[in-house]
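Engineer: Provided herewith: my_file-v3.cif, mmCIF, C-alpha atoms.
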data_model
loop_
_atom_site.label_atom_id
_atom_site.label_comp_id
_atom_site.auth_asym_id
_atom_site.auth_seq_id
_atom_site.Cartn_x
_atom_site.Cartn_y
_atom_site.Cartn_z
CA MET A 16 0.00 0.00 0.00
CA SER A 17 1.02 3.60 -0.47
CA GLN A 18 1.28 5.71 2.67
CA ILE A 19 -1.94 7.51 1.77
CA GLN A 20 -3.84 4.26 1.16
CA PHE A 21 -2.39 2.77 4.36
CA LYS A 22 -4.03 5.52 6.42
CA ALA A 23 -7.32 5.42 4.51
CA PHE A 24 -7.45 1.63 4.81
CA SER A 25 -7.01 1.78 8.59
CA GLU A 26 -9.98 4.11 8.98
CA ARG A 27 -12.28 2.11 6.69
CA TRP A 28 -11.22 -1.26 8.17
CA ALA A 29 -12.41 -0.29 11.65
CA LYS A 30 -15.81 0.79 10.31
CA MET A 31 -16.12 -2.39 8.24
CA LEU A 32 -15.55 -4.58 11.32
CA VAL A 33 -18.21 -2.68 13.30
CA ARG A 34 -20.65 -3.07 10.41
CA ASN A 35 -20.08 -6.84 10.41
CA LYS A 36 -20.24 -7.12 14.22
CA ILE A 37 -16.60 -8.20 14.60
CA ASP A 38 -14.61 -7.06 17.62
CA PRO A 39 -11.19 -5.86 16.44
CA PRO A 40 -8.67 -7.13 15.71
CA LEU A 41 -9.73 -9.58 12.99
CA HIS A 42 -7.91 -12.90 13.42
CA MET A 43 -8.65 -15.80 11.09
CA SER A 44 -8.03 -18.29 13.90
CA GLU A 45 -11.15 -16.98 15.65
CA PHE A 46 -13.37 -18.55 12.97
CA PHE A 47 -12.36 -22.14 13.72
CA GLY A 48 -12.15 -24.57 16.63
CA ALA A 49 -12.92 -22.83 19.91
CA GLY A 50 -12.68 -19.37 18.34
CA LYS A 51 -15.10 -16.59 19.14
CA TYR A 52 -16.72 -16.71 15.68
CA ALA A 53 -16.50 -20.44 14.99
CA GLY A 54 -20.28 -20.82 15.19
CA ARG A 55 -21.25 -18.00 12.84
CA PHE A 56 -23.61 -18.76 10.00
CA VAL A 57 -21.96 -19.30 6.62
CA GLY A 58 -23.92 -16.39 5.17
CA PHE A 59 -22.56 -13.99 7.79
CA ASN A 60 -19.00 -15.07 7.05
CA ARG A 61 -19.56 -14.77 3.32
CA ALA A 62 -20.83 -11.20 3.73
CA LEU A 63 -17.93 -10.30 6.02
CA PHE A 64 -15.22 -11.65 3.75
CA ARG A 65 -16.82 -10.10 0.70
CA ASP A 66 -16.32 -6.75 2.45
CA VAL A 67 -12.81 -7.74 3.57
CA ALA A 68 -11.65 -8.71 0.06
CA LYS A 69 -13.22 -5.61 -1.50
CA LEU A 70 -11.57 -3.28 1.01
CA ILE A 71 -8.16 -4.90 0.60
CA ASN A 72 -8.31 -4.72 -3.19
CA GLU A 73 -9.43 -1.09 -3.13
CA HIS A 74 -6.33 -0.04 -1.19
CA LYS A 75 -3.45 -2.39 -2.02
CA LEU A 76 -1.03 -1.89 -4.90
CA TYR A 77 -0.45 -5.64 -4.95
CA SER A 78 0.12 -8.49 -2.51
CA ILE A 79 2.55 -11.40 -2.32
CA SER A 80 2.41 -14.74 -0.54
CA ILE A 81 5.36 -17.12 -0.20
CA ALA A 82 4.83 -20.86 0.36
CA ILE A 83 7.69 -22.91 1.82
CA SER A 84 7.45 -26.58 2.72
CA GLN A 85 8.48 -27.07 6.35
CA LEU A 86 9.47 -30.64 5.49
CA ASP A 87 11.74 -29.58 2.61
CA PHE A 88 13.29 -26.80 4.67
CA LYS A 89 14.07 -29.17 7.55
CA SER A 90 15.51 -31.77 5.19
CA GLU A 91 18.04 -29.28 3.76
CA LEU A 92 19.05 -27.29 6.84
CA SER A 93 19.88 -28.57 10.32
CA ASP A 94 18.12 -27.56 13.53
CA ASP A 95 21.07 -25.35 14.53
CA VAL A 96 21.08 -23.55 11.19
CA ARG A 97 17.34 -22.92 11.36
CA LYS A 98 17.63 -21.58 14.92
CA VAL A 99 20.80 -19.51 14.50
CA LEU A 100 20.98 -18.46 10.85
CA ILE A 101 17.53 -18.48 9.26
CA GLY A 102 14.24 -20.30 9.66
CA PRO A 103 11.45 -20.69 7.11
CA TYR A 104 9.62 -17.54 8.23
CA ALA A 105 12.69 -15.32 7.84
CA PHE A 106 13.57 -17.09 4.58
CA ALA A 107 10.10 -16.33 3.24
CA PHE A 108 10.56 -12.69 4.27
CA PHE A 109 13.88 -12.61 2.40
CA VAL A 110 12.19 -13.98 -0.74
CA ALA A 111 9.36 -11.46 -0.36
CA ILE A 112 11.80 -8.52 -0.28
CA ALA A 113 13.56 -9.84 -3.39
CA SER A 114 10.18 -10.21 -5.11
CA HIS A 115 9.24 -6.65 -4.22
CA GLN A 116 12.47 -5.48 -5.84
CA ALA A 117 11.57 -7.18 -9.11
CA ILE A 118 7.98 -5.89 -9.08
CA SER A 119 9.19 -2.39 -8.27
CA GLU A 120 11.42 -2.36 -11.33
CA SER A 121 8.42 -3.06 -13.57
CA ALA A 122 6.22 -0.35 -12.04
CA LYS A 123 4.80 1.97 -14.71
CA ASN A 124 5.91 5.11 -12.85
CA GLY A 125 9.40 3.78 -12.17
CA PRO A 126 10.89 1.88 -9.24
CA VAL A 127 9.52 2.54 -5.76
CA ARG A 128 11.00 2.14 -2.30
CA THR A 129 9.14 -0.27 -0.03
CA SER A 130 9.18 -0.11 3.76
CA TYR A 131 8.05 -3.05 5.90
CA ILE A 132 6.00 -3.39 9.06
CA LEU A 133 5.85 -6.84 10.66
CA ASP A 134 3.76 -8.26 13.44
CA THR A 135 5.40 -8.52 16.84
CA GLY A 136 5.53 -11.88 18.57
CA PHE A 137 7.84 -13.71 16.18
CA GLY A 138 10.35 -15.57 18.36
CA GLN A 139 13.40 -14.97 16.16
CA GLN A 140 13.09 -11.31 15.24
CA GLU A 141 16.86 -11.01 14.90
CA GLN A 142 16.68 -13.26 11.82
CA LEU A 143 14.27 -10.83 10.15
CA ASP A 144 16.49 -7.90 11.09
CA GLU A 145 19.50 -9.65 9.58
CA ALA A 146 17.68 -10.58 6.34
CA HIS A 147 16.57 -6.98 5.93
CA ALA A 148 20.04 -5.60 6.74
CA VAL A 149 21.76 -7.89 4.24
CA ILE A 150 19.54 -6.71 1.37
CA VAL A 151 19.88 -3.05 2.38
CA ASN A 152 23.68 -3.36 2.42
CA LEU A 153 23.73 -5.13 -0.95
CA GLU A 154 21.69 -2.30 -2.44
CA LYS A 155 24.10 0.27 -1.01
CA ARG A 156 27.07 -1.56 -2.51
CA SER A 157 25.43 -1.87 -5.92
CA GLY A 158 25.11 1.89 -6.27
CA GLY A 159 21.75 1.60 -8.01
CA PHE A 160 18.23 2.41 -6.91
CA ARG A 161 17.63 1.33 -3.31
CA HIS A 162 14.27 -0.45 -3.28
CA THR A 163 14.29 -1.47 0.38
CA GLY A 164 13.15 1.06 2.98
CA ALA A 165 12.81 0.86 6.74
CA LEU A 166 11.76 -2.16 8.80
CA ALA A 167 9.45 -1.72 11.80
CA TYR A 168 7.40 -3.89 14.13
CA ASP A 169 3.99 -3.39 15.74
CA SER A 170 1.08 -5.39 17.10
CA ASP A 171 -1.64 -6.36 14.65
CA ASP A 172 -4.33 -5.11 17.03
CA ARG A 173 -3.03 -1.59 16.32
CA VAL A 174 -2.32 -1.97 12.59
CA PRO A 175 -5.25 -3.03 10.37
CA ALA A 176 -2.89 -3.69 7.44
CA LEU A 177 -1.32 -6.49 9.48
CA GLN A 178 -4.77 -7.99 9.99
CA ALA A 179 -5.27 -7.85 6.23
CA ALA A 180 -1.90 -9.56 5.76
CA ASP A 181 -3.08 -12.32 8.10
CA VAL A 182 -6.21 -12.76 5.95
CA ILE A 183 -4.17 -13.02 2.74
CA ALA A 184 -1.62 -15.40 4.28
CA TRP A 185 -4.38 -17.62 5.70
CA ALA A 186 -6.37 -17.73 2.45
CA SER A 187 -3.26 -18.37 0.37
CA ARG A 188 -2.19 -21.23 2.64
CA LYS A 189 -5.65 -22.83 2.62
CA LYS A 190 -5.80 -22.65 -1.16
CA GLU A 191 -2.26 -24.03 -1.49
CA LEU A 192 -3.01 -27.02 0.76
CA ASN A 193 -6.63 -27.78 -0.16
CA GLY A 194 -7.09 -26.32 -3.63
CA SER A 195 -10.02 -24.18 -2.49
CA LEU A 196 -11.30 -22.09 0.41
CA PRO A 197 -13.81 -23.36 3.00
CA GLU A 198 -17.50 -22.60 2.62
CA GLY A 199 -18.23 -19.03 3.60
CA PHE A 200 -14.71 -17.85 2.85
CA GLU A 201 -14.91 -18.04 -0.96
CA PRO A 202 -15.00 -14.22 -1.41
CA LEU A 203 -11.35 -14.13 -0.32
CA ASN A 204 -10.48 -15.58 -3.73
CA GLU A 205 -10.86 -11.99 -4.98
CA ALA A 206 -7.97 -10.91 -2.74
CA LEU A 207 -5.87 -13.68 -4.31
CA ASN A 208 -6.66 -12.73 -7.90
CA GLU A 209 -3.46 -13.09 -9.94
CA ASP A 210 -4.65 -11.18 -12.99
CA VAL A 211 -2.04 -8.61 -13.97
CA GLY A 212 -3.22 -5.11 -13.18
CA SER A 213 -4.37 -3.18 -10.15
CA SER A 214 -4.80 -5.16 -6.92
CA MET A 215 -3.05 -8.23 -8.29
CA HIS A 216 -1.80 -11.00 -6.02
CA LEU A 217 1.39 -12.94 -6.64
CA HIS A 218 1.72 -16.38 -5.05
CA ILE A 219 5.21 -17.91 -5.00
CA PRO A 220 5.47 -21.58 -3.98
CA LEU A 221 9.19 -22.05 -3.39
CA PRO A 222 10.28 -25.44 -4.79
CA LYS A 223 12.73 -27.69 -3.00
CA ASP A 224 15.52 -26.88 -5.45
CA GLY A 225 15.05 -23.21 -4.55
CA ILE A 226 15.76 -24.07 -0.91
CA GLN A 227 18.71 -26.17 -2.02
CA LEU A 228 20.27 -23.19 -3.83
CA PHE A 229 20.50 -21.48 -0.46
CA ALA A 230 21.28 -24.59 1.62
CA LYS A 231 24.21 -25.79 -0.50
CA PRO A 232 26.64 -22.93 0.28
CA VAL A 233 25.52 -22.92 3.92
CA ASN A 234 26.23 -26.62 4.37
CA LEU A 235 29.49 -26.32 2.43
CA TRP A 236 30.62 -23.49 4.71
CA ILE A 237 29.83 -25.58 7.79
CA SER A 238 31.66 -28.65 6.47
CA MET A 239 34.77 -26.58 5.63
CA LYS A 240 34.90 -24.20 8.60
CA GLY A 241 33.01 -26.05 11.30
CA SER A 242 30.83 -23.06 12.14
CA ILE A 243 27.55 -21.54 11.02
CA PRO A 244 28.08 -18.59 8.63
CA LYS A 245 26.44 -15.21 8.82
CA LEU A 246 23.68 -14.59 6.31
CA SER A 247 25.80 -11.94 4.60
CA ASP A 248 28.61 -14.47 4.08
CA VAL A 249 26.29 -16.84 2.24
CA VAL A 250 24.37 -14.30 0.16
CA VAL A 251 27.37 -12.26 -0.94
CA ARG A 252 29.34 -15.36 -1.93
CA ARG A 253 26.31 -16.66 -3.84
CA LEU A 254 26.02 -13.43 -5.84
CA ARG A 255 29.72 -13.28 -6.81
#
Would you write out, as structure tokens, the structure that this file holds?
Structural biologist:
Amino acid sequence: MSQIQFKAFSERWAKMLVRNKIDPPLHMSEFFGAGKYAGRFVGFNRALFRDVAKLINEHKLYSISIAISQLDFKSELSDDVRKVLIGPYAFAFFVAIASHQAISESAKNGPVRTSYILDTGFGQQEQLDEAHAVIVNLEKRSGGFRHTGALAYDSDDRVPALQAADVIAWASRKKELNGSLPEGFEPLNEALNEDVGSSMHLHIPLPKDGIQLFAKPVNLWISMKGSIPKLSDVVVRRLR
């Protein structure tokens, strides 16, 4: 979202939740299991998520979801590497930043700088900080346009855009695993529309060989030096 749309979205999101009788923040987990809204009628959910998808599409420039197999990631990188260097969440964030760079270059009004706000509560925040710092430093060294702006953290109960990100991530994951969305949630397909143009969504399922491209130099470093490398060591060597 642009800064202007980010502010407008926040104001309209709060009103939309009131209209649909949802206590903020909106969390997808509340619609299943023992969640507060697990017993809602299908029609109520369908009306809610029709509003949700419409509001998201009216304000976003585009959205991206990254799918990484936990099984593939664990098979290529050891427990210590995932804990110390990078786990699947931080790896997905790294891929998302790289994807934003490519999309920015194709923007009709020229490349744009993208800042990031992430939800608090992730147990390995330092991995996200490192992934962001590595890309920022690479952009500085390249001397070209610097696509990557600031990185900040906040709670999703204070930032409606993070609630929207949760919706998109949930819907994308459900569709990836099951091929379709559950009854009552079908309107969210509109937020995942991959047609090129305004409000498009880009879904990137990262194949195992994509993980291997990263894992190979990491594991080689460990076998030769007996220690876990820094992310900058791996990425810079890979790009040489």
Engineer: Expand the PyMOL selection byres ((chain A and resi 202) around 10) into the individual residues it matches in the shown file, reporting them as a PyMOL selection string.
Structural biologist: chain A and resi 60-69+196+198-201+203-207
Engineer: Would you compute the distance between atom CA of Asn152 of chain A and atom CA of Asp87 of chain A? Give it in Å to one decimal.
Structural biologist: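 A separation of 28.8 Å between them.
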Engineer: Evaluate the PyMOL selection byres ((chain A and resi 103-118) around 8) and record the selected residues as a PyMOL selection string, following the chain and residue labels used in the document.
Structural biologist: chain A and resi 79-83+85+88+97+101-102+119-122+129+142-143+146-147+162-163
Engineer: Of the candidates A:Leu228, A:Ile243, A:Ile37, A:Leu177, which one gets nearest to Phe59 of chain A if we count all atoms listed in the file?
Structural biologist: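 Result for the nearest residue to Phe59 of chain A: A:Ile37.
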Engineer: Please compute the atom CA of Asp94 of chain A-atom CA of Pro244 of chain A distance, one decimal, in Å.
Structural biologist: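 Atom-to-atom, atom CA of Asp94 of chain A and atom CA of Pro244 of chain A are spaced 14.3 Å apart.
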Engineer: Expand the PyMOL selection byres ((chain A and resi 170-175) around 7) into the explicit residue set it covers here, and present it as a list in words.
Structural biologist: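 Here the PyMOL selection byres ((chain A and resi 170-175) around 7) matches Ser25, Trp28, Pro39, Pro40, Asp134, Thr135, Asp169, Ala176, Leu177, Gln178 and Ala179 of chain A.
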Engineer: Work out how far atom CA of Ala23 of chain A is from atom CA of Ser44 of chain A, in Å to one decimal.
Structural biologist: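 Separating atom CA of Ser44 of chain A from atom CA of Ala23 of chain A is a distance of 25.5 Å.
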Engineer: Check the smallest atom-to-atom distance from each of A:Arg161, A:Lys231, A:Lys189, A:Arg34 to Leu92 of chain A using only C-alpha atoms, then report the winner.
Structural biologist: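 Nearest to Leu92 of chain A: A:Lys231.
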Engineer: Which of these residues is nearest to Ile219 of chain A, using only C-alpha atoms: A:Arg188, A:Lys155, A:His42, A:Lys89?
Structural biologist: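 For Ile219 of chain A, the nearest of the candidates is A:Arg188.
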Engineer: From the set A:Gly58, A:Gly159, A:Met43, A:Tyr77, which residue has the shortest atom-to-atom contact distance to Asp210 of chain A, counting all atoms listed in the file?
Structural biologist: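 For Asp210 of chain A, the nearest of the candidates is A:Tyr77.
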Engineer: Can you work out which one of A:Gly136, A:Gly241, A:Pro232, A:Pro222 has the shortest atom-to-atom distance to Leu86 of chain A, counting all atoms listed in the file?
Structural biologist: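 Counting all atoms listed in the file, the residue closest to Leu86 of chain A is A:Pro222.
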Engineer: Which residues are close to Ser84 of chain A, i.e. within 10 Å by all atoms listed in the file, leaving aside same-chain residues fewer than 6 positions away? Reply as a ChimeraX atom specification.
Structural biologist: /A:90,103,220-223,226
Engineer: Using all atoms listed in the file, pick whichever of A:Lys245, A:Lys240, A:Lys22, A:His216 has the shortest atom-to-atom distance to Asn72 of chain A.
Structural biologist: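 Nearest to Asn72 of chain A: A:His216.
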Engineer: Taking all atoms of segment 133-146 of chain A that the file lists and extending 5 Å past them on each side, where is the centre of the axis-aligned box and how long are its edges? Answer in Å to one decimal, as lines of an AutoDock Vina configuration file.
Structural biologist:
center_x = 11.6
center_y = -11.2
center_z = 12.5
size_x = 25.7
size_y = 18.7
size_z = 22.2
